[in-house]
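Note: the block below is start.cif and it holds mmCIF, C-alpha atoms.
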```cif
data_coords
loop_
_atom_site.label_atom_id
_atom_site.label_comp_id
_atom_site.auth_asym_id
_atom_site.auth_seq_id
_atom_site.Cartn_x
_atom_site.Cartn_y
_atom_site.Cartn_z
CA MET O 14 0.00 0.00 0.00
CA PRO O 15 1.56 3.41 -0.96
CA THR O 16 2.59 5.72 1.84
CA ASP O 17 0.58 8.94 2.24
CA HIS O 18 3.09 11.82 2.35
CA THR O 19 0.51 14.62 2.59
CA ASN O 20 0.94 16.95 5.53
CA PRO O 21 -2.16 19.06 6.18
CA ASP O 22 -0.24 21.15 8.70
CA LEU O 23 2.72 21.81 6.39
CA VAL O 24 2.38 25.61 6.50
CA THR O 25 2.21 25.55 10.30
CA ASP O 26 5.29 23.31 10.42
CA TYR O 27 7.10 25.72 8.07
CA LEU O 28 6.26 28.65 10.36
CA ARG O 29 7.43 26.78 13.45
CA LEU O 30 10.67 25.84 11.72
CA GLY O 31 11.31 29.42 10.63
CA LEU O 32 10.65 30.78 14.11
CA ALA O 33 13.18 28.34 15.56
CA PHE O 34 15.99 30.04 13.62
CA ASP O 35 15.61 33.14 15.79
CA ARG O 36 16.88 30.98 18.66
CA LEU O 37 20.10 30.37 16.70
CA GLU O 38 20.61 34.00 15.64
CA GLU O 39 18.44 36.80 16.96
CA GLY O 40 17.14 38.81 14.02
CA PHE O 41 16.88 35.85 11.67
CA VAL O 42 13.10 36.29 11.82
CA ASP O 43 12.81 39.72 10.29
CA ALA O 44 9.04 39.89 10.78
CA PHE O 45 6.27 37.63 12.01
CA THR O 46 2.63 38.66 12.04
CA GLY O 47 1.14 35.26 12.87
CA ASP O 48 0.05 33.65 16.12
CA PRO O 49 1.97 35.27 19.03
CA GLY O 50 1.34 32.14 21.08
CA MET O 51 3.27 30.08 18.55
CA ARG O 52 6.17 32.51 18.66
CA ALA O 53 6.21 32.50 22.46
CA GLU O 54 6.12 28.69 22.55
CA ILE O 55 9.14 28.46 20.24
CA ALA O 56 10.99 31.21 22.10
CA ASN O 57 10.48 29.52 25.47
CA GLY O 58 11.06 25.96 24.31
CA PRO O 59 14.29 23.94 24.22
CA ALA O 60 17.17 25.42 22.25
CA PRO O 61 17.06 23.90 18.75
CA ASP O 62 19.86 21.80 17.30
CA PRO O 63 20.96 23.15 13.89
CA ALA O 64 21.47 19.69 12.40
CA GLN O 65 17.95 18.72 13.43
CA LEU O 66 16.58 21.91 11.86
CA ALA O 67 18.35 21.03 8.60
CA ALA O 68 16.82 17.55 8.69
CA ARG O 69 13.40 19.01 9.41
CA ALA O 70 13.69 21.37 6.44
CA ARG O 71 14.57 18.43 4.17
CA ALA O 72 11.65 16.39 5.49
CA LEU O 73 9.17 19.21 4.92
CA ARG O 74 10.45 19.68 1.36
CA ALA O 75 9.85 15.98 0.77
CA ASP O 76 6.24 16.46 1.90
CA LEU O 77 5.56 19.09 -0.77
CA PRO O 78 3.23 19.82 -2.44
CA GLY O 79 0.94 18.07 0.01
CA GLU O 80 -2.47 19.72 -0.29
CA LEU O 81 -1.02 23.06 -1.42
CA PRO O 82 -1.47 24.64 -4.86
CA ALA O 83 1.67 24.43 -7.00
CA ALA O 84 2.67 28.11 -6.63
CA ARG O 85 2.44 28.07 -2.84
CA ALA O 86 4.33 24.78 -2.68
CA GLU O 87 7.09 26.20 -4.88
CA PHE O 88 7.35 29.30 -2.68
CA ILE O 89 7.65 27.26 0.52
CA GLY O 90 10.01 24.77 -1.12
CA SER O 91 12.45 27.48 -2.16
CA HIS O 92 12.47 28.82 1.38
CA LEU O 93 12.95 25.41 2.95
CA ARG O 94 16.00 24.94 0.70
CA ALA O 95 17.39 28.22 2.02
CA LEU O 96 16.63 27.29 5.64
CA GLU O 97 18.36 23.92 5.23
CA CYS O 98 21.51 25.70 4.07
CA SER O 99 21.35 28.17 6.96
CA ALA O 100 20.94 25.32 9.45
CA ARG O 101 23.90 23.50 7.95
CA LYS O 102 25.99 26.67 8.26
CA PHE O 103 24.96 27.02 11.92
CA ALA O 104 25.91 23.35 12.41
CA GLY O 105 29.40 24.08 11.09
CA ASP O 106 29.17 22.47 7.65
CA ASP O 107 31.67 23.72 5.09
CA ILE O 108 29.65 25.34 2.29
CA SER O 109 31.27 27.51 -0.36
CA PHE O 110 30.14 31.12 -0.47
CA VAL O 111 28.82 30.80 -4.04
CA ASP O 112 26.78 27.74 -3.06
CA GLU O 113 25.56 29.50 0.08
CA VAL O 114 24.26 32.46 -1.94
CA ASN O 115 22.64 30.13 -4.47
CA ALA O 116 20.83 28.18 -1.74
CA TYR O 117 19.63 31.32 0.03
CA PHE O 118 18.56 33.42 -2.93
CA ASP O 119 18.37 31.09 -5.97
CA VAL O 120 20.93 33.09 -7.98
CA ASP O 121 24.41 32.34 -9.31
CA ILE O 122 27.11 34.93 -8.68
CA ALA O 123 30.57 35.55 -10.12
CA LEU O 124 33.16 38.31 -10.16
CA ALA O 125 32.36 41.15 -12.53
CA ASP O 126 34.71 42.40 -15.22
CA ALA O 127 36.81 45.27 -13.85
CA ASP O 128 36.47 47.01 -17.23
CA ARG O 129 32.90 47.81 -16.20
CA TYR O 130 34.27 49.75 -13.22
CA ARG O 131 36.82 51.58 -15.35
CA GLN O 132 34.03 52.66 -17.69
CA ALA O 133 31.95 53.80 -14.72
CA HIS O 134 34.87 55.96 -13.54
CA THR O 135 35.16 57.43 -17.04
CA ASP O 136 31.44 58.23 -17.03
CA LEU O 137 31.71 59.68 -13.53
CA ALA O 138 34.58 61.93 -14.52
CA GLU O 139 32.49 63.25 -17.39
CA ALA O 140 29.53 63.85 -15.08
CA LEU O 141 31.78 65.77 -12.69
CA GLY O 142 33.36 67.77 -15.51
CA ILE O 143 36.95 66.55 -15.15
CA ALA O 144 39.28 64.93 -17.68
CA ASP O 145 41.22 62.38 -15.59
CA ALA O 146 39.31 59.27 -14.54
CA THR O 147 42.32 57.35 -13.26
CA GLY O 148 44.10 59.55 -10.74
CA GLY O 149 43.44 61.42 -7.54
CA GLU O 150 41.56 64.16 -9.38
CA LEU O 151 38.49 61.93 -9.71
CA ARG O 152 38.57 60.97 -6.04
CA ASP O 153 38.88 64.61 -4.99
CA ALA O 154 36.12 65.77 -7.35
CA TYR O 155 33.78 63.02 -6.19
CA ALA O 156 34.52 63.78 -2.54
CA ALA O 157 33.73 67.46 -3.16
CA HIS O 158 30.48 66.48 -4.88
CA ARG O 159 29.53 64.30 -1.91
CA ARG O 160 30.29 67.09 0.57
CA ALA O 161 28.03 69.46 -1.35
CA ASP O 162 25.33 66.79 -1.31
CA GLU O 163 25.39 66.28 2.47
CA ILE O 164 22.28 66.98 4.52
CA PRO O 165 23.15 68.88 7.71
CA ALA O 166 22.68 66.51 10.64
CA ASP O 167 20.12 68.78 12.28
CA ARG O 168 18.00 68.82 9.09
CA VAL O 169 17.82 65.06 8.47
CA ASP O 170 14.66 64.48 10.49
CA GLU O 171 12.86 67.33 8.73
CA CYS O 172 13.89 65.99 5.32
CA VAL O 173 12.84 62.45 6.22
CA ARG O 174 9.37 63.63 7.16
CA ALA O 175 9.00 65.78 4.05
CA PHE O 176 9.87 62.95 1.67
CA SER O 177 7.93 60.37 3.65
CA GLY O 178 4.80 62.50 3.50
CA ALA O 179 5.16 63.24 -0.20
CA LEU O 180 5.81 59.62 -1.14
CA ARG O 181 3.04 58.30 1.12
CA GLU O 182 0.50 60.51 -0.62
CA ARG O 183 1.68 59.40 -4.06
CA VAL O 184 1.81 55.70 -3.15
CA ARG O 185 -1.61 55.60 -1.48
CA ALA O 186 -3.14 56.96 -4.69
CA GLN O 187 -1.40 54.38 -6.89
CA TYR O 188 -1.18 51.32 -4.62
CA PRO O 189 -3.96 51.72 -2.01
CA LEU O 190 -3.08 50.98 1.61
CA PRO O 191 -5.23 50.39 4.69
CA ASP O 192 -6.38 53.60 6.37
CA ASN O 193 -4.58 52.71 9.60
CA GLU O 194 -1.13 52.04 8.10
CA ILE O 195 1.68 54.07 9.64
CA VAL O 196 5.48 54.34 9.62
CA GLU O 197 7.38 55.69 12.60
CA PHE O 198 10.96 56.83 12.01
CA GLU O 199 13.77 56.70 14.55
CA VAL O 200 17.48 57.49 14.51
CA VAL O 201 19.90 54.79 15.72
CA THR O 202 23.67 54.26 15.91
CA ASP O 203 26.19 51.40 15.85
CA LYS O 204 24.52 49.39 13.08
CA PRO O 205 26.08 47.74 9.99
CA TRP O 206 23.35 49.11 7.67
CA SER O 207 22.13 52.58 6.66
CA GLY O 208 18.43 51.96 7.21
CA PHE O 209 16.17 49.15 8.40
CA ASN O 210 12.44 48.46 8.31
CA TYR O 211 10.97 46.67 11.32
CA TYR O 212 7.53 45.54 10.25
CA LEU O 213 5.39 45.21 13.36
CA GLY O 214 2.23 43.81 11.83
CA ASN O 215 -1.23 45.31 11.60
CA PHE O 216 0.08 47.66 8.90
CA ARG O 217 2.68 49.35 11.13
CA SER O 218 6.42 49.77 10.60
CA ARG O 219 9.28 51.29 12.53
CA VAL O 220 12.05 52.53 10.23
CA ALA O 221 15.48 53.07 11.78
CA ILE O 222 18.01 55.36 10.12
CA ASN O 223 21.67 55.01 11.06
CA ALA O 224 22.99 58.35 12.30
CA ASP O 225 26.60 57.09 12.13
CA LEU O 226 26.39 57.49 8.34
CA THR O 227 26.13 60.86 6.63
CA GLN O 228 22.82 61.29 4.80
CA TYR O 229 22.92 62.75 1.30
CA MET O 230 20.29 64.68 -0.63
CA SER O 231 20.66 62.43 -3.68
CA SER O 232 20.16 59.22 -1.70
CA LEU O 233 17.63 60.15 1.00
CA PRO O 234 14.59 59.94 -1.35
CA HIS O 235 15.77 56.44 -2.32
CA LEU O 236 16.16 55.49 1.34
CA ILE O 237 12.64 56.62 2.27
CA ALA O 238 11.14 54.94 -0.80
CA HIS O 239 13.16 51.78 -0.10
CA GLU O 240 12.16 51.40 3.54
CA ALA O 241 8.64 52.81 3.45
CA TYR O 242 6.75 54.05 0.37
CA PRO O 243 6.45 52.02 -1.87
CA GLY O 244 9.19 49.72 -0.59
CA HIS O 245 9.31 47.39 2.41
CA HIS O 246 6.47 48.89 4.45
CA THR O 247 4.14 49.03 1.47
CA GLU O 248 4.96 45.47 0.42
CA HIS O 249 4.42 44.13 3.95
CA CYS O 250 1.09 45.95 4.27
CA ARG O 251 -0.29 44.74 0.96
CA LYS O 252 0.85 41.15 1.44
CA GLU O 253 -0.57 41.08 4.96
CA GLN O 254 -3.88 42.42 3.69
CA LEU O 255 -4.16 40.50 0.41
CA LEU O 256 -2.28 37.22 0.99
CA VAL O 257 -2.30 36.54 4.72
CA GLY O 258 -5.86 37.82 4.80
CA ALA O 259 -6.74 35.22 2.16
CA GLY O 260 -5.21 32.38 4.19
CA GLN O 261 -1.68 32.22 2.77
CA HIS O 262 -0.15 32.15 6.23
CA GLU O 263 3.34 31.34 4.96
CA GLN O 264 3.41 35.05 4.07
CA SER O 265 3.11 35.96 7.76
CA ILE O 266 6.81 35.24 8.32
CA PHE O 267 9.78 37.00 6.73
CA LEU O 268 13.11 35.25 7.14
CA VAL O 269 16.62 36.53 6.52
CA ASN O 270 18.69 34.74 3.86
CA THR O 271 15.77 33.44 1.83
CA PRO O 272 14.41 34.22 -1.67
CA GLN O 273 11.93 36.61 -0.03
CA CYS O 274 14.86 38.90 0.75
CA LEU O 275 16.17 39.05 -2.80
CA MET O 276 12.70 39.88 -4.09
CA ALA O 277 12.06 42.46 -1.36
CA GLU O 278 15.39 44.27 -1.75
CA GLY O 279 15.11 44.30 -5.53
CA LEU O 280 11.60 45.72 -5.21
CA ALA O 281 12.70 48.33 -2.68
CA ASP O 282 15.66 49.45 -4.79
CA HIS O 283 13.23 50.10 -7.65
CA ALA O 284 10.68 51.76 -5.38
CA LEU O 285 11.50 55.42 -6.03
CA THR O 286 11.50 55.13 -9.80
CA ALA O 287 8.35 53.01 -9.66
CA VAL O 288 6.29 55.94 -8.39
CA MET O 289 8.33 58.99 -9.48
CA GLY O 290 9.87 57.77 -12.73
CA LYS O 291 13.54 57.57 -13.64
CA GLU O 292 13.79 61.38 -13.77
CA TRP O 293 12.76 61.88 -10.14
CA GLY O 294 15.41 64.52 -9.49
CA ALA O 295 13.31 67.57 -10.42
CA TRP O 296 10.61 66.50 -7.96
CA ALA O 297 13.19 66.09 -5.18
CA GLN O 298 14.76 69.44 -6.03
CA GLU O 299 11.43 71.18 -5.42
CA ILE O 300 10.99 69.53 -2.02
CA TYR O 301 14.52 70.47 -0.96
CA ALA O 302 13.95 74.02 -2.18
CA ASP O 303 10.86 74.27 0.03
CA LEU O 304 13.12 73.25 2.94
CA GLY O 305 15.72 75.88 2.02
CA LEU O 306 18.27 73.35 0.73
CA ARG O 307 19.93 73.54 -2.68
CA PHE O 308 19.89 70.24 -4.57
CA ASP O 309 21.36 70.13 -8.07
CA ALA O 310 19.05 67.55 -9.60
CA ASP O 311 20.64 67.49 -13.05
CA ARG O 312 24.14 66.89 -11.70
CA ALA O 313 22.88 64.31 -9.19
CA MET O 314 21.10 62.34 -11.90
CA ARG O 315 24.20 62.31 -14.13
CA VAL O 316 26.40 61.17 -11.24
CA GLY O 317 23.86 58.54 -10.25
CA SER O 318 23.75 57.17 -13.79
CA ALA O 319 27.54 56.91 -13.85
CA THR O 320 27.87 55.22 -10.46
CA SER O 321 25.21 52.64 -11.37
CA GLY O 322 28.04 50.84 -13.17
CA LEU O 323 29.58 50.17 -9.76
CA LEU O 324 26.60 48.16 -8.48
CA THR O 325 28.51 44.87 -8.27
CA VAL O 326 31.60 46.18 -6.45
CA ARG O 327 30.38 45.18 -2.98
CA GLN O 328 29.38 41.71 -4.16
CA ASP O 329 32.84 41.32 -5.66
CA ALA O 330 34.25 42.35 -2.28
CA ALA O 331 32.18 39.61 -0.61
CA LEU O 332 33.48 37.07 -3.12
CA MET O 333 37.03 38.19 -2.44
CA LEU O 334 36.52 37.78 1.31
CA HIS O 335 34.61 34.53 1.46
CA ASP O 336 35.42 32.75 -1.80
CA GLN O 337 39.00 33.83 -2.46
CA HIS O 338 39.84 34.36 1.25
CA ALA O 339 41.47 37.73 0.62
CA GLU O 340 42.84 39.76 3.52
CA SER O 341 40.51 42.36 4.99
CA ASP O 342 42.89 45.20 4.18
CA ASP O 343 42.96 44.16 0.51
CA VAL O 344 39.18 44.15 0.38
CA VAL O 345 39.03 47.58 1.99
CA GLU O 346 41.49 48.84 -0.61
CA PHE O 347 39.31 47.33 -3.37
CA LEU O 348 36.26 49.17 -2.01
CA GLU O 349 38.18 52.43 -1.68
CA THR O 350 39.55 52.13 -5.21
CA TRP O 351 36.35 51.43 -7.12
CA LEU O 352 33.70 53.07 -4.94
CA LEU O 353 35.99 56.02 -4.19
CA ALA O 354 34.98 55.48 -0.59
CA PRO O 355 36.86 57.07 2.30
CA PRO O 356 38.57 54.55 4.60
CA GLU O 357 35.97 54.81 7.35
CA ARG O 358 33.12 54.17 4.91
CA ALA O 359 34.94 51.19 3.39
CA ARG O 360 35.45 49.76 6.89
CA GLN O 361 31.71 50.18 7.57
CA MET O 362 30.97 48.21 4.40
CA LEU O 363 33.39 45.51 5.52
CA ARG O 364 31.50 45.24 8.80
CA PHE O 365 28.34 44.34 6.89
CA LEU O 366 30.18 41.89 4.63
CA THR O 367 31.71 40.05 7.62
CA SER O 368 28.57 39.88 9.79
CA PRO O 369 27.68 36.19 10.31
CA LEU O 370 24.01 36.92 9.62
CA TRP O 371 24.42 39.48 6.83
CA ARG O 372 27.57 38.40 4.98
CA ALA O 373 25.71 36.96 1.96
CA TYR O 374 23.00 39.60 1.99
CA ILE O 375 24.76 42.01 -0.35
CA SER O 376 23.70 39.74 -3.22
CA THR O 377 20.04 40.59 -2.57
CA TYR O 378 20.76 44.19 -3.61
CA VAL O 379 22.95 43.32 -6.57
CA GLU O 380 21.20 40.30 -8.05
CA GLY O 381 17.77 41.41 -6.86
CA TYR O 382 18.09 44.78 -8.55
CA GLN O 383 19.34 43.27 -11.81
CA LEU O 384 16.77 40.47 -12.01
CA LEU O 385 13.84 42.75 -11.21
CA ASP O 386 15.16 45.43 -13.55
CA SER O 387 15.15 42.97 -16.45
CA TRP O 388 11.68 41.74 -15.52
CA LEU O 389 10.22 45.23 -15.12
CA ASP O 390 11.77 46.38 -18.40
CA ALA O 391 10.15 43.43 -20.19
CA ALA O 392 6.68 44.33 -18.86
CA ASP O 393 4.16 46.12 -21.05
CA ASP O 394 3.08 48.21 -18.06
CA ARG O 395 5.93 48.82 -15.62
CA ALA O 396 3.67 50.31 -12.91
CA ALA O 397 1.34 47.31 -13.06
CA ALA O 398 4.30 44.94 -12.94
CA PHE O 399 5.62 46.69 -9.84
CA GLY O 400 2.16 46.22 -8.34
CA ARG O 401 2.51 42.49 -8.91
CA LEU O 402 5.76 42.52 -6.94
CA LEU O 403 3.92 44.20 -4.07
CA ASP O 404 0.94 41.86 -4.14
CA GLU O 405 2.04 38.43 -5.35
CA PRO O 406 4.29 35.81 -3.69
CA LEU O 407 6.80 35.84 -6.54
CA ILE O 408 10.25 34.26 -6.25
CA PRO O 409 13.32 34.47 -8.53
CA ALA O 410 12.31 31.32 -10.40
CA SER O 411 8.91 32.88 -11.16
CA LEU O 412 10.51 35.91 -12.78
CA ARG O 413 13.03 33.88 -14.76
CA ARG O 414 10.25 31.76 -16.24
CA GLU O 415 8.41 34.88 -17.38
CA LEU O 416 11.59 36.27 -18.95
CA VAL O 417 12.02 33.18 -21.16
CA PRO O 418 10.34 33.86 -24.56
CA GLY O 419 7.24 31.74 -25.01
#
```

Go ahead and render the structure in this file as structure tokens.
Amino acid sequence: MPTDHTNPDLVTDYLRLGLAFDRLEEGFVDAFTGDPGMRAEIANGPAPDPAQLAARARALRADLPGELPAARAEFIGSHLRALECSARKFAGDDISFVDEVNAYFDVDIALADADRYRQAHTDLAEALGIADATGGELRDAYAAHRRADEIPADRVDECVRAFSGALRERVRAQYPLPDNEIVEFEVVTDKPWSGFNYYLGNFRSRVAINADLTQYMSSLPHLIAHEAYPGHHTEHCRKEQLLVGAGQHEQSIFLVNTPQCLMAEGLADHALTAVMGKEWGAWAQEIYADLGLRFDADRAMRVGSATSGLLTVRQDAALMLHDQHAESDDVVEFLETWLLAPPERARQMLRFLTSPLWRAYISTYVEGYQLLDSWLDAADDRAAAFGRLLDEPLIPASLRRELVPG
């Protein structure tokens, strides 16, 4: 007689497994809006064994699809694969960095061609109005541009609120949100990231902005769009309302180092242009002018276009560290050379790249941006396609299938 492998409680088992990872590394569960009793039970139970968690992830994958529709089973299966790899890493298994990234995010990574970075420096020199793209002149000109772009520390909060309000109004008209949704901003220090969205459930987020890092006029609109409108906060709200509300409870948990992250970061990095268009600079210039700050939108857009060619530098740095086992000082020098970053900023980047929890995460920004950019460009209606990213449980494999000509 054949064995019945269906598991009617598979989604619940997936949630319990995911919650257990927070006992191995606090912060692994980025958000959970499900049963607080379940979370408390896991938090107060016996400390999990990583090898047993890996085995449990494999067993749950073997149970798929169970009674689930194919798309939901594929979503959960891709995340169980990622969780198995994380558990094996926690157990001390030797997994190459490339394989680790592939298991977490379902993408293949490799070092970029340095000629791309040389061309980006050439383009940057042109944007800054200088002739030499290879010497100290470019570094000095870029540093001067960045200084002129700084937001005075005592004006950051005011600017955050101005852009948050403007983007919230625009997003709510295009991608409706519940009336009670809200984002609260706070300033923090001693973090390896520039900003972070803590989704609290019930359509509420707390967004932390790292005061250790200088905030720039050209990047603050991106930061607010990324973390809040129409980025992480908006995505969480719409998925909680539309998917969790419809019974897809696997969407009530958001786990670090899973395909969810690559999709979410790619979405958030496209958030500003999704609602303001690729020529968003003139809009930002008007808001800064109302605040008494001078923002040169044309110059900022030209510089931004040039530096987009440096997107993969930090992923290359991660590959150097974890795949080629380069010395930290050599990686810092690599970051300083190509990103024209001052030493303290390069060291801050290294902190992120060496964090046990976050070391692979840089690929979500690089590969997530590139995959979603290709997918959005292929769409007949880019705004509608971005809406699908907000509302549907898409994963990298979903997008790749749609990119293959029929």

Compile the contact shell of Thr377 in chain O as a JSON list (two decimals) with C-alpha atoms, in the frame of the given file: residues with an atom at most 8 Å away, counting only C-alpha atoms, same-chain residues fewer than 2 positions apart removed.
```json
[["chain", "number", "residue", "atom", "x", "y", "z"],
["O", 118, "PHE", "CA", 18.56, 33.42, -2.93],
["O", 274, "CYS", "CA", 14.86, 38.90, 0.75],
["O", 275, "LEU", "CA", 16.17, 39.05, -2.80],
["O", 276, "MET", "CA", 12.70, 39.88, -4.09],
["O", 278, "GLU", "CA", 15.39, 44.27, -1.75],
["O", 279, "GLY", "CA", 15.11, 44.30, -5.53],
["O", 374, "TYR", "CA", 23.00, 39.60, 1.99],
["O", 375, "ILE", "CA", 24.76, 42.01, -0.35],
["O", 379, "VAL", "CA", 22.95, 43.32, -6.57],
["O", 380, "GLU", "CA", 21.20, 40.30, -8.05],
["O", 381, "GLY", "CA", 17.77, 41.41, -6.86],
["O", 382, "TYR", "CA", 18.09, 44.78, -8.55]]
```

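Using all atoms listed in the file for every distance, the candidate list O:Ala56, O:Arg101, O:Tyr211, O:Ala161 yields O:Ala161 as the residue closest to Arg307 in chain O.
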
Residue members of the PyMOL selection byres ((chain O and resi 206) around 12) in the file shown, as a list in words:
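Taken over the shown coordinates, the PyMOL selection byres ((chain O and resi 206) around 12) returns Val201, Thr202, Asp203, Lys204, Pro205, Ser207, Gly208, Phe209, Asn210, Ala221, Ile222, Asn223, Ala224, Asp225, Leu226, Leu236, Arg358, Gln361, Met362, Leu363, Arg364, Phe365, Leu366, Ser368, Trp371, Arg372, Tyr374 and Ile375 of chain O.
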
With the PyMOL selection byres ((chain O and resi 359) around 9) as the selection, what would be picked from this file? Answer as a ChimeraX atom specification, please.
/O:344-349,352,354-358,360-364

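Put simply, the PyMOL selection byres ((chain O and resi 252) around 10) in this file takes in Phe216, Thr247, Glu248, His249, Cys250, Arg251, Glu253, Gln254, Leu255, Leu256, Val257, Gly258, Ala259, Gln261, Gln264, Ser265, Leu402, Leu403, Asp404, Glu405 and Pro406 of chain O.
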
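With distances taken over all atoms listed in the file, O:Thr320 is the one residue among O:Glu340, O:Cys172, O:Thr320, O:Thr25 lying closest to Arg131 in chain O.
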
Grab all the atoms of range 309-313 of chain O that the file lists, wrap them in a box along x, y and z, add 3 Å per side, and give me centre plus edge lengths in Å (one decimal) as AutoDock Vina command-line options.
```
--center_x 21.6 --center_y 67.2 --center_z -10.6 --size_x 11.1 --size_y 11.8 --size_z 11.0
```

Which residue gives the smallest distance to Thr271 in chain O among O:Asp119, O:Glu240, O:Glu415, O:Asp107, with all atoms listed in the file counted?
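For Thr271 in chain O, the nearest of the candidates is O:Asp119.
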
Kindly provide, as a list of chain:residue names, the polymer residues lying within 7 Å of (14.5, 33.6, 5.7), counting only C-alpha atoms and using the coordinates exactly as they appear in the file.
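Protein and nucleic acid residues near the point are O:Phe41, O:Val42, O:His92, O:Leu96, O:Phe267, O:Leu268, O:Val269, O:Asn270, O:Thr271, O:Gln273.
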